[in-house]
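Visitor: This is the structure I have questions about; it appears just below.
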Amino acid sequence: MLVAVTRSYRDSEMVVWFASGQSLLRWIRPVLTFGLPLVFLTGALSMVATPWAKLKSTEFIQRFEKREDLKKVSPGQFKESAASNRVFFVEGVTGESTVVQNVFVNTQEKGGNTVVVAKEGVIEKQPDGGQFLVLKNGRRYHGVPGQADFQSMEFERYSMRVAAKTPALGADLPVDTLSTPALFAAPNRYTMSEFLKRISAPVSCLILILLAIPLGFVNPRAGSAANLILALLIFFTYGNLEKMAEASIKQGKMAFATASWPLHFIAAMCVLLLFAWRVNPNHRYHPLVLWGAFKRGRAARQGAPA
């Protein structure tokens, strides 16, 4: 939006606009016609779509982490258990995904290292929620080869616990995955900080769109990079101040009612002041007045008529 307004000044279209008796305020309607759909889209993404996407991503991660250790194993690849004390290797999978062939399990324990190899392995669930890996027709090695306590045994059936009862899926969801109504259902400093983050996106979008109208002024004879650089500084400063307000709520330093509105109110007042400054070209601090005074002063110093 700033680039479009700046281009109108550089191409002298604004001169024709003002010469036709039109005010800078008449730019608000076409700008909002273009910008309001973007504001609504930003609000929909911030309030609905982004929390839903983060929720689904977190659920997929939790669902994978809560799978049995053998279900995470891909044939021909070594896989570490969730407890980080076992390494599994299977050569192939047959039938159901819980049945594997040619299993290798290396377990690190306080009493030493245990290696188990078997022709077949299957996961059996217990009524209490525990899960056991049942190996069939294999051999178990425990200890260090060559030591007196080294053990070797063959078995037809060998069971080892591979997973305990896990909590329900979604029991500990991050705050940013909660829906907007859920944030109000459990008001605290974390949920209110997240709500401020979501509501600030469309509000700041609207304010910055309107700010582009008075900020787009540029002298046709001068470059247009200055207002673009200023716009970037305003954008990043605005965003950092929003994050500071969110952090103050999350840390309990400020209440939501205190931290939510001052920044946007000040930004809106700055927009109104800039409009008042640009609309009144005869103001002593208006850029055109300052530019004319500068030219007259330079001409006076050179001894030429202003």
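Letters for chains follow the order of the structure tokens (A, B, ...), residue numbers begin at 1 for each chain, and ligand numbers begin at 1 in the order shown.
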Would you kindly return, as an MDAnalysis selection string, each protein, DNA or RNA residue with an atom no farther than 12 Å from any atom of Val31 of chain A, considering only C-alpha atoms and excluding same-chain residues fewer than 6 positions away?

Guide: chainID A and resid 1:2 4:5 24:25 37:39 206:214

Visitor: Residues near Thr114 of chain A, anyone? I mean within 12 Å using only C-alpha atoms, not counting same-chain ones fewer than 6 positions away, as a list in words.

Guide: Asn85, Arg86, Val87, Phe104, Val105, Asn106, Thr107, Gln108, Arg139, Arg140, Tyr141, His142, Gly143, Val144, Pro145, Phe150, Gln151, Ser152, Met153 and Met160 of chain A

Visitor: How many Å lie between atom CA of Arg157 of chain A and atom CA of Asn113 of chain A, rounded to one decimal?

Guide: 20.1 Å

Visitor: Which residues of segment 226-290 of chain A sit at most 12 Å from segment 10-23 of chain A, using only C-alpha atoms? Give each one's shortest atom pair and distance in Å (one decimal place), in chain and ascending residue order, as a Markdown table.

Guide:
| residue | atom | partner | partner_atom | distance |
| --- | --- | --- | --- | --- |
| A:Phe275 | CA | A:Ser23 | CA | 10.3 |
| A:Ala276 | CA | A:Ser23 | CA | 11.1 |
| A:Arg278 | CA | A:Ser23 | CA | 9.6 |
| A:Val279 | CA | A:Ser23 | CA | 6.8 |
| A:Asn280 | CA | A:Ser23 | CA | 9.6 |
| A:Pro281 | CA | A:Phe18 | CA | 10.6 |

Visitor: Of the residues A:Thr6, A:Thr58, A:Asn219, A:Gln302, which is the one nearest to Leu178 of chain A, using only C-alpha atoms?

Guide: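 Ranked by minimum distance to Leu178 of chain A, first place goes to A:Thr58.
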
Visitor: Mind checking which residues fall within 8 Å of Leu183 of chain A, counting only C-alpha atoms, ignoring those fewer than 3 positions away in the same chain, and posting them as an NGL selection string?

Guide: :A and (178-180 or 186-187 or 191-192 or 194-195)

Visitor: Please run DSSP on the backbone and report, as a PyMOL selection string, all residues within segment 111-235 of chain A that come out as alpha helix (DSSP H).

Guide: chain A and resi 180-185+189-215+225-235

Visitor: Take the selection from the previous step and output its residues with N, CA and C atoms, as a CSV table (one decimal), in the first residue's frame.

Guide:
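Below is the file out.csv, written as the result:
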chain,number,residue,atom,x,y,z
A,180,THR,N,-9.6,-20.5,20.0
A,180,THR,CA,-9.8,-19.2,20.7
A,180,THR,C,-10.9,-19.4,21.7
A,181,PRO,N,-12.0,-20.1,21.5
A,181,PRO,CA,-13.0,-20.3,22.7
A,181,PRO,C,-12.3,-21.0,23.8
A,182,ALA,N,-11.4,-21.9,23.6
A,182,ALA,CA,-10.8,-22.6,24.7
A,182,ALA,C,-9.9,-21.7,25.5
A,183,LEU,N,-9.4,-20.7,24.9
A,183,LEU,CA,-8.6,-19.7,25.7
A,183,LEU,C,-9.4,-19.0,26.7
A,184,PHE,N,-10.6,-18.6,26.3
A,184,PHE,CA,-11.5,-18.0,27.3
A,184,PHE,C,-12.1,-18.9,28.3
A,185,ALA,N,-12.1,-20.2,28.0
A,185,ALA,CA,-12.7,-21.2,28.9
A,185,ALA,C,-11.7,-21.4,30.1
A,189,ARG,N,-2.7,-16.2,32.7
A,189,ARG,CA,-1.7,-15.3,32.0
A,189,ARG,C,-1.2,-15.9,30.7
A,190,TYR,N,-1.1,-17.2,30.6
A,190,TYR,CA,-0.6,-17.8,29.4
A,190,TYR,C,-1.7,-17.8,28.3
A,191,THR,N,-2.9,-18.1,28.6
A,191,THR,CA,-4.0,-18.1,27.6
A,191,THR,C,-4.3,-16.7,27.1
A,192,MET,N,-4.2,-15.7,28.1
A,192,MET,CA,-4.5,-14.3,27.7
A,192,MET,C,-3.4,-13.7,26.9
A,193,SER,N,-2.1,-14.2,27.1
A,193,SER,CA,-1.0,-13.7,26.3
A,193,SER,C,-1.2,-14.3,24.9
A,194,GLU,N,-1.6,-15.5,24.7
A,194,GLU,CA,-1.8,-16.1,23.4
A,194,GLU,C,-3.0,-15.4,22.7
A,195,PHE,N,-4.0,-15.0,23.4
A,195,PHE,CA,-5.2,-14.3,22.8
A,195,PHE,C,-4.7,-13.0,22.3
A,196,LEU,N,-3.9,-12.2,23.1
A,196,LEU,CA,-3.4,-10.9,22.7
A,196,LEU,C,-2.6,-11.1,21.4
A,197,LYS,N,-1.8,-12.1,21.3
A,197,LYS,CA,-1.0,-12.4,20.1
A,197,LYS,C,-1.9,-12.6,18.9
A,198,ARG,N,-3.1,-13.3,19.1
A,198,ARG,CA,-3.9,-13.6,17.9
A,198,ARG,C,-4.7,-12.3,17.5
A,199,ILE,N,-5.2,-11.6,18.5
A,199,ILE,CA,-6.0,-10.4,18.2
A,199,ILE,C,-5.2,-9.2,17.7
A,200,SER,N,-3.9,-9.2,18.0
A,200,SER,CA,-3.0,-8.1,17.6
A,200,SER,C,-2.8,-8.2,16.1
A,201,ALA,N,-2.8,-9.4,15.5
A,201,ALA,CA,-2.4,-9.5,14.1
A,201,ALA,C,-3.4,-8.7,13.2
A,202,PRO,N,-4.7,-8.9,13.3
A,202,PRO,CA,-5.6,-8.1,12.4
A,202,PRO,C,-5.7,-6.7,12.8
A,203,VAL,N,-5.6,-6.4,14.1
A,203,VAL,CA,-5.6,-4.9,14.5
A,203,VAL,C,-4.4,-4.2,13.9
A,204,SER,N,-3.2,-4.7,14.1
A,204,SER,CA,-2.0,-4.1,13.6
A,204,SER,C,-2.0,-4.0,12.1
A,205,CYS,N,-2.6,-5.0,11.4
A,205,CYS,CA,-2.7,-5.0,10.0
A,205,CYS,C,-3.6,-3.8,9.5
A,206,LEU,N,-4.7,-3.6,10.2
A,206,LEU,CA,-5.6,-2.5,9.8
A,206,LEU,C,-4.9,-1.1,10.0
A,207,ILE,N,-4.2,-1.0,11.2
A,207,ILE,CA,-3.5,0.3,11.5
A,207,ILE,C,-2.4,0.6,10.5
A,208,LEU,N,-1.6,-0.4,10.2
A,208,LEU,CA,-0.5,-0.2,9.3
A,208,LEU,C,-1.0,0.1,7.8
A,209,ILE,N,-2.1,-0.5,7.4
A,209,ILE,CA,-2.7,-0.2,6.1
A,209,ILE,C,-3.1,1.3,6.0
A,210,LEU,N,-3.7,1.8,7.1
A,210,LEU,CA,-4.1,3.2,7.1
A,210,LEU,C,-2.9,4.1,7.3
A,211,LEU,N,-1.9,3.6,8.0
A,211,LEU,CA,-0.7,4.5,8.2
A,211,LEU,C,0.1,4.7,6.8
A,212,ALA,N,-0.1,3.8,5.9
A,212,ALA,CA,0.6,3.9,4.6
A,212,ALA,C,0.1,5.1,3.8
A,213,ILE,N,-1.1,5.6,4.1
A,213,ILE,CA,-1.6,6.7,3.3
A,213,ILE,C,-0.9,8.0,3.6
A,214,PRO,N,-0.8,8.5,4.9
A,214,PRO,CA,0.0,9.7,5.1
A,214,PRO,C,1.5,9.5,5.0
A,215,LEU,N,1.9,8.2,5.3
A,215,LEU,CA,3.3,7.9,5.2
A,215,LEU,C,3.9,7.9,3.8
A,225,ALA,N,13.2,6.2,-1.1
A,225,ALA,CA,13.7,5.1,-0.2
A,225,ALA,C,13.5,5.5,1.2
A,226,ALA,N,13.4,6.8,1.6
A,226,ALA,CA,13.4,7.2,3.0
A,226,ALA,C,12.1,6.7,3.6
A,227,ASN,N,11.0,6.8,3.0
A,227,ASN,CA,9.7,6.4,3.6
A,227,ASN,C,9.6,4.9,3.7
A,228,LEU,N,10.2,4.2,2.7
A,228,LEU,CA,10.2,2.7,2.8
A,228,LEU,C,11.0,2.2,3.9
A,229,ILE,N,12.2,2.8,4.1
A,229,ILE,CA,13.0,2.5,5.3
A,229,ILE,C,12.3,2.8,6.6
A,230,LEU,N,11.6,4.0,6.7
A,230,LEU,CA,10.9,4.3,7.8
A,230,LEU,C,9.7,3.3,8.1
A,231,ALA,N,9.1,2.9,7.0
A,231,ALA,CA,8.0,1.9,7.1
A,231,ALA,C,8.5,0.6,7.7
A,232,LEU,N,9.7,0.1,7.3
A,232,LEU,CA,10.2,-1.1,7.8
A,232,LEU,C,10.6,-1.0,9.3
A,233,LEU,N,11.1,0.2,9.6
A,233,LEU,CA,11.4,0.4,11.1
A,233,LEU,C,10.2,0.4,11.9
A,234,ILE,N,9.1,1.1,11.4
A,234,ILE,CA,7.8,1.1,12.1
A,234,ILE,C,7.3,-0.3,12.3
A,235,PHE,N,7.4,-1.1,11.2
A,235,PHE,CA,6.8,-2.5,11.2
A,235,PHE,C,7.5,-3.3,12.2

Visitor: Using only C-alpha atoms, which protein or nucleic acid residues come within 12 Å of Lys253 of chain A? Drop anything in the same chain fewer than 5 positions from it, and give the result as a ChimeraX atom specification.

Guide: /A:189,193,244-248,258-259

Visitor: Please save C-alpha atoms of the selected residues as a PDB file, in the first residue's frame.

Guide:
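Generated file (selection.pdb):
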ATOM      1  CA  ARG A 189      -1.734 -15.336  32.017  1.00  0.00           C
ATOM      2  CA  SER A 193      -1.010 -13.740  26.297  1.00  0.00           C
ATOM      3  CA  MET A 244       6.869  -7.202  24.790  1.00  0.00           C
ATOM      4  CA  ALA A 245       3.209  -6.739  25.719  1.00  0.00           C
ATOM      5  CA  GLU A 246       2.573 -10.468  25.282  1.00  0.00           C
ATOM      6  CA  ALA A 247       5.624 -11.321  27.393  1.00  0.00           C
ATOM      7  CA  SER A 248       4.552  -8.932  30.156  1.00  0.00           C
ATOM      8  CA  THR A 258      -3.707  -3.061  30.959  1.00  0.00           C
ATOM      9  CA  ALA A 259      -1.346  -4.425  28.300  1.00  0.00           C
TER      10      ALA A 259
END

Visitor: Would you compute the distance between atom CA of Ala49 of chain A and atom CA of Glu242 of chain A? Give it in Å to one decimal.

Guide: 20.6 Å

Visitor: Taking only C-alpha atoms into account, which of A:Phe265, A:Leu173, A:Phe217, A:Ala44 comes nearest Trp277 of chain A?

Guide: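 Using only C-alpha atoms, the shortest distance to Trp277 of chain A belongs to A:Phe217.
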
Visitor: Can you list, as a list in words, every protein, DNA or RNA residue that comes within 9 Å of Phe78 of chain A when you count only C-alpha atoms, leaving out same-chain residues fewer than 6 positions away?

Guide: Val87, Phe88, Phe89 and Val90 of chain A

Visitor: Using only C-alpha atoms for the distances, tell me which of A:Leu133, A:Leu55, A:Ala267, A:Leu41 is nearest to Gly239 of chain A.

Guide: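 Under the stated criterion, the closest residue is A:Ala267.
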
Visitor: With only C-alpha atoms as the basis for distance, which of A:Glu80, A:Glu59, A:Lys136, A:Gly216 is at the shortest distance from Val3 of chain A?

Guide: A:Gly216

Visitor: For a quick check of understanding, using only C-alpha atoms, which of A:Val100, A:Val175, A:Met254, A:Leu36 has the smallest distance to Pro51 of chain A?

Guide: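 Ranked by minimum distance to Pro51 of chain A, first place goes to A:Val175.
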
Visitor: To one decimal place, how far is atom CA of Leu273 of chain A from atom CA of Ser260 of chain A in Å?

Guide: 21.6 Å

Visitor: Which residue, A:Leu263, A:Val218, A:Val116, A:Leu45, has the smallest gap to Ser8 of chain A when you use only C-alpha atoms?

Guide: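 Of all the options, A:Val218 lies closest to Ser8 of chain A.
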